[in-house]
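Student: Just so it is clear, I am handing over query05.pdb, which has PDB, C-alpha atoms, pLDDT in the B column.
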```
ATOM      1  CA  MET A1199       2.001  27.376  -5.164  1.00 62.00           C
ATOM      2  CA  GLY A1200       3.230  25.227  -2.267  1.00 81.00           C
ATOM      3  CA  VAL A1201      -0.188  25.105  -0.617  1.00 86.00           C
ATOM      4  CA  PHE A1202      -1.895  24.194  -3.890  1.00 87.00           C
ATOM      5  CA  THR A1203       0.619  21.407  -4.519  1.00 84.00           C
ATOM      6  CA  PHE A1204       0.109  20.111  -0.979  1.00 86.00           C
ATOM      7  CA  LEU A1205      -3.685  20.118  -1.452  1.00 89.00           C
ATOM      8  CA  LEU A1206      -3.307  18.196  -4.714  1.00 88.00           C
ATOM      9  CA  PHE A1207      -1.082  15.655  -2.982  1.00 87.00           C
ATOM     10  CA  VAL A1208      -3.576  15.217  -0.133  1.00 89.00           C
ATOM     11  CA  GLY A1209      -6.416  14.911  -2.659  1.00 89.00           C
ATOM     12  CA  LEU A1210      -4.449  12.239  -4.497  1.00 89.00           C
ATOM     13  CA  ILE A1211      -3.970  10.214  -1.313  1.00 90.00           C
ATOM     14  CA  VAL A1212      -7.624  10.611  -0.302  1.00 91.00           C
ATOM     15  CA  CYS A1213      -8.809   9.466  -3.743  1.00 89.00           C
ATOM     16  CA  ALA A1214      -6.482   6.462  -3.706  1.00 88.00           C
ATOM     17  CA  LEU A1215      -7.599   5.372  -0.246  1.00 89.00           C
ATOM     18  CA  TYR A1216     -11.267   5.890  -1.043  1.00 90.00           C
ATOM     19  CA  VAL A1217     -11.007   3.757  -4.192  1.00 86.00           C
ATOM     20  CA  CYS A1218      -9.369   0.991  -2.173  1.00 84.00           C
ATOM     21  CA  PHE A1219     -11.916   0.876   0.629  1.00 84.00           C
ATOM     22  CA  ALA A1220     -15.190   1.880  -1.071  1.00 84.00           C
ATOM     23  CA  LYS A1221     -17.983  -0.676  -1.139  1.00 83.00           C
ATOM     24  CA  ASN A1222     -19.790   0.733  -4.187  1.00 84.00           C
ATOM     25  CA  LEU A1223     -17.987   0.040  -7.468  1.00 84.00           C
ATOM     26  CA  LEU A1224     -19.636   2.900  -9.335  1.00 86.00           C
ATOM     27  CA  THR A1225     -18.393   5.506  -6.878  1.00 87.00           C
ATOM     28  CA  SER A1226     -14.959   3.883  -6.981  1.00 87.00           C
ATOM     29  CA  ILE A1227     -14.842   4.413 -10.734  1.00 88.00           C
ATOM     30  CA  VAL A1228     -15.876   8.057 -10.413  1.00 89.00           C
ATOM     31  CA  VAL A1229     -13.264   8.682  -7.701  1.00 90.00           C
ATOM     32  CA  PHE A1230     -10.683   6.937  -9.909  1.00 90.00           C
ATOM     33  CA  MET A1231     -11.544   9.435 -12.634  1.00 91.00           C
ATOM     34  CA  ALA A1232     -11.010  12.284 -10.154  1.00 91.00           C
ATOM     35  CA  TYR A1233      -7.665  10.725  -9.204  1.00 91.00           C
ATOM     36  CA  SER A1234      -6.599  10.769 -12.843  1.00 90.00           C
ATOM     37  CA  VAL A1235      -7.644  14.395 -13.258  1.00 91.00           C
ATOM     38  CA  VAL A1236      -5.705  15.435 -10.154  1.00 91.00           C
ATOM     39  CA  MET A1237      -2.706  13.482 -11.408  1.00 90.00           C
ATOM     40  CA  SER A1238      -2.870  15.238 -14.777  1.00 91.00           C
ATOM     41  CA  VAL A1239      -2.851  18.620 -12.989  1.00 90.00           C
ATOM     42  CA  ILE A1240       0.206  17.494 -11.042  1.00 89.00           C
ATOM     43  CA  TRP A1241       1.912  16.540 -14.306  1.00 89.00           C
ATOM     44  CA  LEU A1242       1.148  20.041 -15.612  1.00 89.00           C
ATOM     45  CA  LEU A1243       2.715  21.574 -12.496  1.00 87.00           C
ATOM     46  CA  LEU A1244       5.777  19.393 -13.079  1.00 86.00           C
ATOM     47  CA  GLU A1245       5.967  20.899 -16.582  1.00 87.00           C
ATOM     48  CA  SER A1246       5.177  17.671 -18.402  1.00 86.00           C
ATOM     49  CA  PRO A1247       2.231  18.545 -20.638  1.00 87.00           C
ATOM     50  CA  ASP A1248       2.585  15.386 -22.724  1.00 89.00           C
ATOM     51  CA  LEU A1249       2.162  13.203 -19.638  1.00 88.00           C
ATOM     52  CA  ALA A1250      -0.720  15.382 -18.424  1.00 89.00           C
ATOM     53  CA  ILE A1251      -2.603  14.921 -21.693  1.00 90.00           C
ATOM     54  CA  THR A1252      -1.922  11.191 -21.667  1.00 89.00           C
ATOM     55  CA  GLU A1253      -3.078  10.852 -18.045  1.00 89.00           C
ATOM     56  CA  ALA A1254      -6.254  12.785 -18.728  1.00 89.00           C
ATOM     57  CA  ALA A1255      -7.047  10.869 -21.917  1.00 90.00           C
ATOM     58  CA  VAL A1256      -6.136   7.384 -20.787  1.00 90.00           C
ATOM     59  CA  GLY A1257      -6.673   7.564 -17.018  1.00 85.00           C
ATOM     60  CA  ALA A1258      -9.834   9.635 -16.848  1.00 86.00           C
ATOM     61  CA  GLY A1259     -11.119   8.821 -20.309  1.00 88.00           C
ATOM     62  CA  VAL A1260     -10.503   5.435 -21.854  1.00 91.00           C
ATOM     63  CA  THR A1261      -9.879   3.444 -18.676  1.00 90.00           C
ATOM     64  CA  SER A1262     -12.975   4.839 -16.981  1.00 88.00           C
ATOM     65  CA  VAL A1263     -15.144   4.025 -19.993  1.00 89.00           C
ATOM     66  CA  LEU A1264     -13.794   0.469 -19.961  1.00 90.00           C
ATOM     67  CA  PHE A1265     -14.527   0.247 -16.221  1.00 88.00           C
ATOM     68  CA  PHE A1266     -18.106   1.457 -16.797  1.00 87.00           C
ATOM     69  CA  ILE A1267     -18.641  -1.110 -19.555  1.00 88.00           C
ATOM     70  CA  THR A1268     -17.168  -3.874 -17.409  1.00 87.00           C
ATOM     71  CA  LEU A1269     -19.337  -2.877 -14.456  1.00 84.00           C
ATOM     72  CA  LYS A1270     -22.435  -2.946 -16.650  1.00 83.00           C
ATOM     73  CA  ARG A1271     -21.566  -6.386 -17.991  1.00 80.00           C
ATOM     74  CA  ILE A1272     -20.788  -7.759 -14.538  1.00 80.00           C
ATOM     75  CA  SER A1273     -24.099  -6.456 -13.211  1.00 73.00           C
ATOM     76  CA  ALA A1274     -25.977  -8.018 -16.121  1.00 57.00           C
ATOM     77  CA  ILE A1275     -24.261 -11.357 -15.640  1.00 55.00           C
ATOM     78  CA  GLY A1276     -24.705 -11.147 -11.868  1.00 57.00           C
ATOM     79  CA  LYS A1277     -28.476 -10.705 -12.135  1.00 60.00           C
ATOM     80  CA  ALA A1278     -28.858 -13.794 -14.317  1.00 52.00           C
ATOM     81  CA  HIS A1279     -26.767 -16.123 -12.161  1.00 55.00           C
ATOM     82  CA  LYS A1280     -27.100 -14.630  -8.685  1.00 58.00           C
ATOM     83  CA  ASP A1281     -28.585 -17.664  -6.951  1.00 55.00           C
ATOM     84  CA  GLU A1282     -26.075 -19.987  -8.576  1.00 57.00           C
ATOM     85  CA  GLN A1283     -23.175 -17.757  -7.604  1.00 57.00           C
ATOM     86  CA  ASP A1284     -24.384 -17.432  -4.013  1.00 63.00           C
ATOM     87  CA  ALA A1285     -24.274 -21.217  -3.584  1.00 63.00           C
ATOM     88  CA  VAL A1286     -20.776 -21.413  -5.082  1.00 59.00           C
ATOM     89  CA  THR A1287     -19.572 -18.508  -2.928  1.00 65.00           C
ATOM     90  CA  LYS A1288     -20.870 -20.150   0.239  1.00 65.00           C
ATOM     91  CA  GLU A1289     -19.145 -23.402  -0.708  1.00 64.00           C
ATOM     92  CA  ILE A1290     -15.831 -21.661  -1.408  1.00 61.00           C
ATOM     93  CA  ASN A1291     -15.979 -19.610   1.799  1.00 60.00           C
ATOM     94  CA  ALA A1292     -16.591 -22.773   3.827  1.00 62.00           C
ATOM     95  CA  ARG A1293     -13.196 -24.180   2.835  1.00 64.00           C
ATOM     96  CA  PRO A1294     -10.499 -23.897   5.529  1.00 63.00           C
ATOM     97  CA  ALA A1295      -7.800 -22.715   3.104  1.00 62.00           C
ATOM     98  CA  VAL A1296      -9.960 -19.774   2.047  1.00 59.00           C
ATOM     99  CA  LYS A1297     -10.589 -18.848   5.684  1.00 61.00           C
ATOM    100  CA  ARG A1298      -6.871 -18.960   6.436  1.00 63.00           C
ATOM    101  CA  PHE A1299      -6.030 -16.808   3.424  1.00 68.00           C
ATOM    102  CA  ASP A1300      -8.842 -14.396   4.277  1.00 64.00           C
ATOM    103  CA  ARG A1301      -7.249 -13.851   7.663  1.00 66.00           C
ATOM    104  CA  TYR A1302      -3.848 -12.832   6.297  1.00 76.00           C
ATOM    105  CA  TYR A1303      -4.468 -11.230   2.914  1.00 78.00           C
ATOM    106  CA  ARG A1304      -4.893  -7.695   4.272  1.00 75.00           C
ATOM    107  CA  GLY A1305      -1.625  -7.892   6.178  1.00 79.00           C
ATOM    108  CA  ILE A1306       0.184  -9.182   3.121  1.00 83.00           C
ATOM    109  CA  ALA A1307      -1.378  -6.436   0.993  1.00 81.00           C
ATOM    110  CA  ILE A1308      -0.267  -3.753   3.468  1.00 85.00           C
ATOM    111  CA  VAL A1309       3.301  -5.086   3.571  1.00 89.00           C
ATOM    112  CA  LEU A1310       3.508  -5.233  -0.234  1.00 89.00           C
ATOM    113  CA  GLY A1311       1.994  -1.760  -0.526  1.00 85.00           C
ATOM    114  CA  LEU A1312       4.538  -0.328   1.908  1.00 90.00           C
ATOM    115  CA  ALA A1313       7.364  -2.060   0.006  1.00 90.00           C
ATOM    116  CA  ILE A1314       6.183  -0.478  -3.239  1.00 87.00           C
ATOM    117  CA  ILE A1315       5.898   2.945  -1.595  1.00 86.00           C
ATOM    118  CA  PHE A1316       9.420   2.555  -0.184  1.00 87.00           C
ATOM    119  CA  ALA A1317      10.767   1.566  -3.616  1.00 82.00           C
ATOM    120  CA  LEU A1318       9.076   4.554  -5.260  1.00 78.00           C
ATOM    121  CA  LEU A1319      10.339   6.972  -2.615  1.00 79.00           C
ATOM    122  CA  LEU A1320      13.818   5.527  -2.974  1.00 76.00           C
ATOM    123  CA  THR A1321      13.621   6.003  -6.717  1.00 74.00           C
ATOM    124  CA  ILE A1322      12.601   9.645  -6.574  1.00 73.00           C
ATOM    125  CA  SER A1323      14.797  10.696  -3.671  1.00 69.00           C
ATOM    126  CA  ASN A1324      18.198  12.301  -4.021  1.00 60.00           C
ATOM    127  CA  ILE A1325      19.645   9.994  -1.385  1.00 55.00           C
ATOM    128  CA  SER A1326      20.965   6.886  -3.002  1.00 52.00           C
ATOM    129  CA  PHE A1327      22.372   4.775  -0.203  1.00 53.00           C
ATOM    130  CA  LEU A1328      22.276   1.616  -2.315  1.00 52.00           C
ATOM    131  CA  SER A1329      24.746   2.966  -4.841  1.00 54.00           C
ATOM    132  CA  PRO A1330      28.468   3.040  -3.925  1.00 54.00           C
ATOM    133  CA  PHE A1331      29.106   6.163  -6.055  1.00 51.00           C
TER
END
```
Take the structure in the file and give it back as C-alpha coordinates.
Tutor:
Amino acid sequence: MGVFTFLLFVGLIVCALYVCFAKNLLTSIVVFMAYSVVMSVIWLLLESPDLAITEAAVGAGVTSVLFFITLKRISAIGKAHKDEQDAVTKEINARPAVKRFDRYYRGIAIVLGLAIIFALLLTISNISFLSPF
(Lines of atoms letter the chains of each structure in order from A and count residues from 1; the text may use other names and numbers.)
(Lines give C-alpha, C1' and ligand atoms only; values in the text may rest on other atoms or scores of the structure.)
Protein backbone atom coordinates (compact mmCIF):
# COMPACT_ATOMS: atom_id res chain seq x y z
CA MET A 1 0.00 0.00 0.00
CA GLY A 2 2.99 2.32 0.41
CA VAL A 3 3.71 2.42 -3.32
CA PHE A 4 0.06 3.12 -4.14
CA THR A 5 -0.05 5.95 -1.60
CA PHE A 6 3.16 7.40 -3.02
CA LEU A 7 1.74 7.26 -6.56
CA LEU A 8 -1.42 9.03 -5.39
CA PHE A 9 0.68 11.72 -3.73
CA VAL A 10 2.77 12.22 -6.88
CA GLY A 11 -0.41 12.32 -8.98
CA LEU A 12 -1.82 14.95 -6.65
CA ILE A 13 1.26 17.14 -7.03
CA VAL A 14 1.33 16.69 -10.82
CA CYS A 15 -2.36 17.63 -11.10
CA ALA A 16 -1.89 20.70 -8.91
CA LEU A 17 1.10 21.92 -10.89
CA TYR A 18 -0.57 21.26 -14.22
CA VAL A 19 -3.66 23.25 -13.20
CA CYS A 20 -1.45 26.15 -12.18
CA PHE A 21 0.60 26.33 -15.36
CA ALA A 22 -1.82 25.15 -18.07
CA LYS A 23 -2.74 27.61 -20.80
CA ASN A 24 -6.07 26.01 -21.74
CA LEU A 25 -8.81 26.59 -19.16
CA LEU A 26 -10.88 23.60 -20.23
CA THR A 27 -8.05 21.15 -19.62
CA SER A 28 -7.36 22.87 -16.30
CA ILE A 29 -10.92 22.16 -15.22
CA VAL A 30 -10.68 18.51 -16.24
CA VAL A 31 -7.36 18.09 -14.40
CA PHE A 32 -8.93 19.80 -11.37
CA MET A 33 -11.64 17.15 -11.46
CA ALA A 34 -8.96 14.44 -11.54
CA TYR A 35 -7.27 16.15 -8.57
CA SER A 36 -10.51 15.96 -6.61
CA VAL A 37 -10.98 12.29 -7.45
CA VAL A 38 -7.43 11.45 -6.36
CA MET A 39 -7.98 13.43 -3.17
CA SER A 40 -11.18 11.51 -2.44
CA VAL A 41 -9.27 8.22 -2.82
CA ILE A 42 -6.67 9.53 -0.39
CA TRP A 43 -9.43 10.38 2.09
CA LEU A 44 -10.70 6.79 1.74
CA LEU A 45 -7.21 5.46 2.48
CA LEU A 46 -7.11 7.70 5.55
CA GLU A 47 -10.36 6.03 6.66
CA SER A 48 -12.49 9.14 6.31
CA PRO A 49 -15.36 8.08 4.05
CA ASP A 50 -17.45 11.14 4.88
CA LEU A 51 -14.70 13.46 3.64
CA ALA A 52 -14.14 11.26 0.58
CA ILE A 53 -17.81 11.50 -0.41
CA THR A 54 -17.81 15.25 0.18
CA GLU A 55 -14.63 15.73 -1.87
CA ALA A 56 -15.99 13.67 -4.73
CA ALA A 57 -19.38 15.41 -4.71
CA VAL A 58 -18.24 18.97 -4.18
CA GLY A 59 -14.73 18.95 -5.66
CA ALA A 60 -15.26 16.80 -8.72
CA GLY A 61 -18.98 17.41 -9.09
CA VAL A 62 -20.49 20.73 -8.15
CA THR A 63 -17.37 22.89 -8.40
CA SER A 64 -16.45 21.49 -11.80
CA VAL A 65 -19.96 22.09 -13.14
CA LEU A 66 -19.78 25.69 -11.90
CA PHE A 67 -16.36 26.07 -13.57
CA PHE A 68 -17.77 24.72 -16.86
CA ILE A 69 -20.71 27.14 -16.71
CA THR A 70 -18.41 30.05 -15.88
CA LEU A 71 -16.06 29.13 -18.72
CA LYS A 72 -18.97 29.00 -21.15
CA ARG A 73 -20.23 32.40 -20.03
CA ILE A 74 -16.77 33.96 -20.18
CA SER A 75 -16.27 32.62 -23.70
CA ALA A 76 -19.64 33.99 -24.79
CA ILE A 77 -18.92 37.39 -23.31
CA GLY A 78 -15.38 37.35 -24.71
CA LYS A 79 -16.58 36.79 -28.28
CA ALA A 80 -18.95 39.76 -28.13
CA HIS A 81 -16.46 42.25 -26.70
CA LYS A 82 -13.11 40.91 -27.89
CA ASP A 83 -11.98 43.98 -29.82
CA GLU A 84 -13.03 46.30 -27.02
CA GLN A 85 -11.23 44.20 -24.43
CA ASP A 86 -8.06 44.02 -26.51
CA ALA A 87 -7.82 47.82 -26.58
CA VAL A 88 -8.38 48.05 -22.82
CA THR A 89 -5.84 45.28 -22.16
CA LYS A 90 -3.20 47.04 -24.25
CA GLU A 91 -3.85 50.29 -22.39
CA ILE A 92 -3.59 48.62 -18.98
CA ASN A 93 -0.42 46.72 -19.92
CA ALA A 94 1.21 49.96 -21.08
CA ARG A 95 1.05 51.41 -17.57
CA PRO A 96 4.35 51.34 -15.65
CA ALA A 97 2.76 50.12 -12.40
CA VAL A 98 1.35 47.07 -14.17
CA LYS A 99 4.75 46.30 -15.69
CA ARG A 100 6.42 46.56 -12.29
CA PHE A 101 3.84 44.29 -10.67
CA ASP A 102 4.08 41.84 -13.57
CA ARG A 103 7.79 41.51 -12.89
CA TYR A 104 7.39 40.52 -9.24
CA TYR A 105 4.05 38.74 -8.94
CA ARG A 106 5.45 35.27 -9.65
CA GLY A 107 8.11 35.65 -6.98
CA ILE A 108 5.55 36.85 -4.47
CA ALA A 109 3.25 33.96 -5.39
CA ILE A 110 6.07 31.43 -4.91
CA VAL A 111 7.01 32.87 -1.51
CA LEU A 112 3.38 32.84 -0.33
CA GLY A 113 2.90 29.31 -1.67
CA LEU A 114 5.97 28.08 0.19
CA ALA A 115 4.77 29.80 3.38
CA ILE A 116 1.42 28.03 3.10
CA ILE A 117 3.12 24.68 2.46
CA PHE A 118 5.36 25.24 5.49
CA ALA A 119 2.34 26.10 7.66
CA LEU A 120 0.48 22.99 6.50
CA LEU A 121 3.48 20.74 7.08
CA LEU A 122 3.95 22.27 10.51
CA THR A 123 0.31 21.61 11.28
CA ILE A 124 0.39 17.95 10.32
CA SER A 125 3.81 17.10 11.71
CA ASN A 126 4.42 15.58 15.12
CA ILE A 127 7.21 18.05 15.80
CA SER A 128 5.82 21.12 17.44
CA PHE A 129 8.77 23.40 18.05
CA LEU A 130 6.53 26.45 18.45
CA SER A 131 4.80 25.05 21.51
CA PRO A 132 6.64 25.14 24.87
CA PHE A 133 4.91 21.93 26.08
Student: Interatomic distance between atom CA of A:Ala1232 and atom CA of A:Tyr1303?
Tutor: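 Computing it gives 27.7 Å between the two atoms.
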Student: Give as an mmCIF file with C-alpha atoms, in the frame of the given file the residues that the PyMOL selection byres ((chain A and resi 1208-1223) around 9) matches when applied to the coordinates above.
Tutor:
```cif
data_model
loop_
_atom_site.group_PDB
_atom_site.id
_atom_site.type_symbol
_atom_site.label_atom_id
_atom_site.label_comp_id
_atom_site.auth_asym_id
_atom_site.auth_seq_id
_atom_site.Cartn_x
_atom_site.Cartn_y
_atom_site.Cartn_z
ATOM 1 C CA THR A 1203 0.619 21.407 -4.519
ATOM 2 C CA PHE A 1204 0.109 20.111 -0.979
ATOM 3 C CA LEU A 1205 -3.685 20.118 -1.452
ATOM 4 C CA LEU A 1206 -3.307 18.196 -4.714
ATOM 5 C CA PHE A 1207 -1.082 15.655 -2.982
ATOM 6 C CA LEU A 1224 -19.636 2.900 -9.335
ATOM 7 C CA THR A 1225 -18.393 5.506 -6.878
ATOM 8 C CA SER A 1226 -14.959 3.883 -6.981
ATOM 9 C CA ILE A 1227 -14.842 4.413 -10.734
ATOM 10 C CA VAL A 1228 -15.876 8.057 -10.413
ATOM 11 C CA VAL A 1229 -13.264 8.682 -7.701
ATOM 12 C CA PHE A 1230 -10.683 6.937 -9.909
ATOM 13 C CA ALA A 1232 -11.010 12.284 -10.154
ATOM 14 C CA TYR A 1233 -7.665 10.725 -9.204
ATOM 15 C CA SER A 1234 -6.599 10.769 -12.843
ATOM 16 C CA VAL A 1236 -5.705 15.435 -10.154
ATOM 17 C CA MET A 1237 -2.706 13.482 -11.408
ATOM 18 C CA LEU A 1269 -19.337 -2.877 -14.456
#
```
Student: What separation in Å, quoted to one decimal, exists between atom CA of A:Pro1247 and atom CA of A:Val1235?
Tutor: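 Between these atoms lies a distance of 13.0 Å.
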Student: Using all atoms listed in the file, find the one residue out of A:Val1256, A:Leu1310, A:Val1263, A:Val1239 that sits nearest to A:Phe1202.
Tutor: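 Smallest separation from A:Phe1202 among the options: A:Val1239.
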Student: Which value, in Å to one decimal, gives the distance between atom CA of A:Gly1257 and atom CA of A:Leu1242?
Tutor: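 For atom CA of A:Gly1257 relative to atom CA of A:Leu1242, the distance reads 14.8 Å.
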Student: Show me, as AutoDock Vina command-line options, the centre and edge lengths in Å to one decimal of the axis-aligned box that covers every listed atom of stretch 1230-1241 of chain A with 4 Å on each side.
Tutor:
```
--center_x -4.8 --center_y 12.8 --center_z -12.0 --size_x 21.5 --size_y 19.7 --size_z 13.6
```
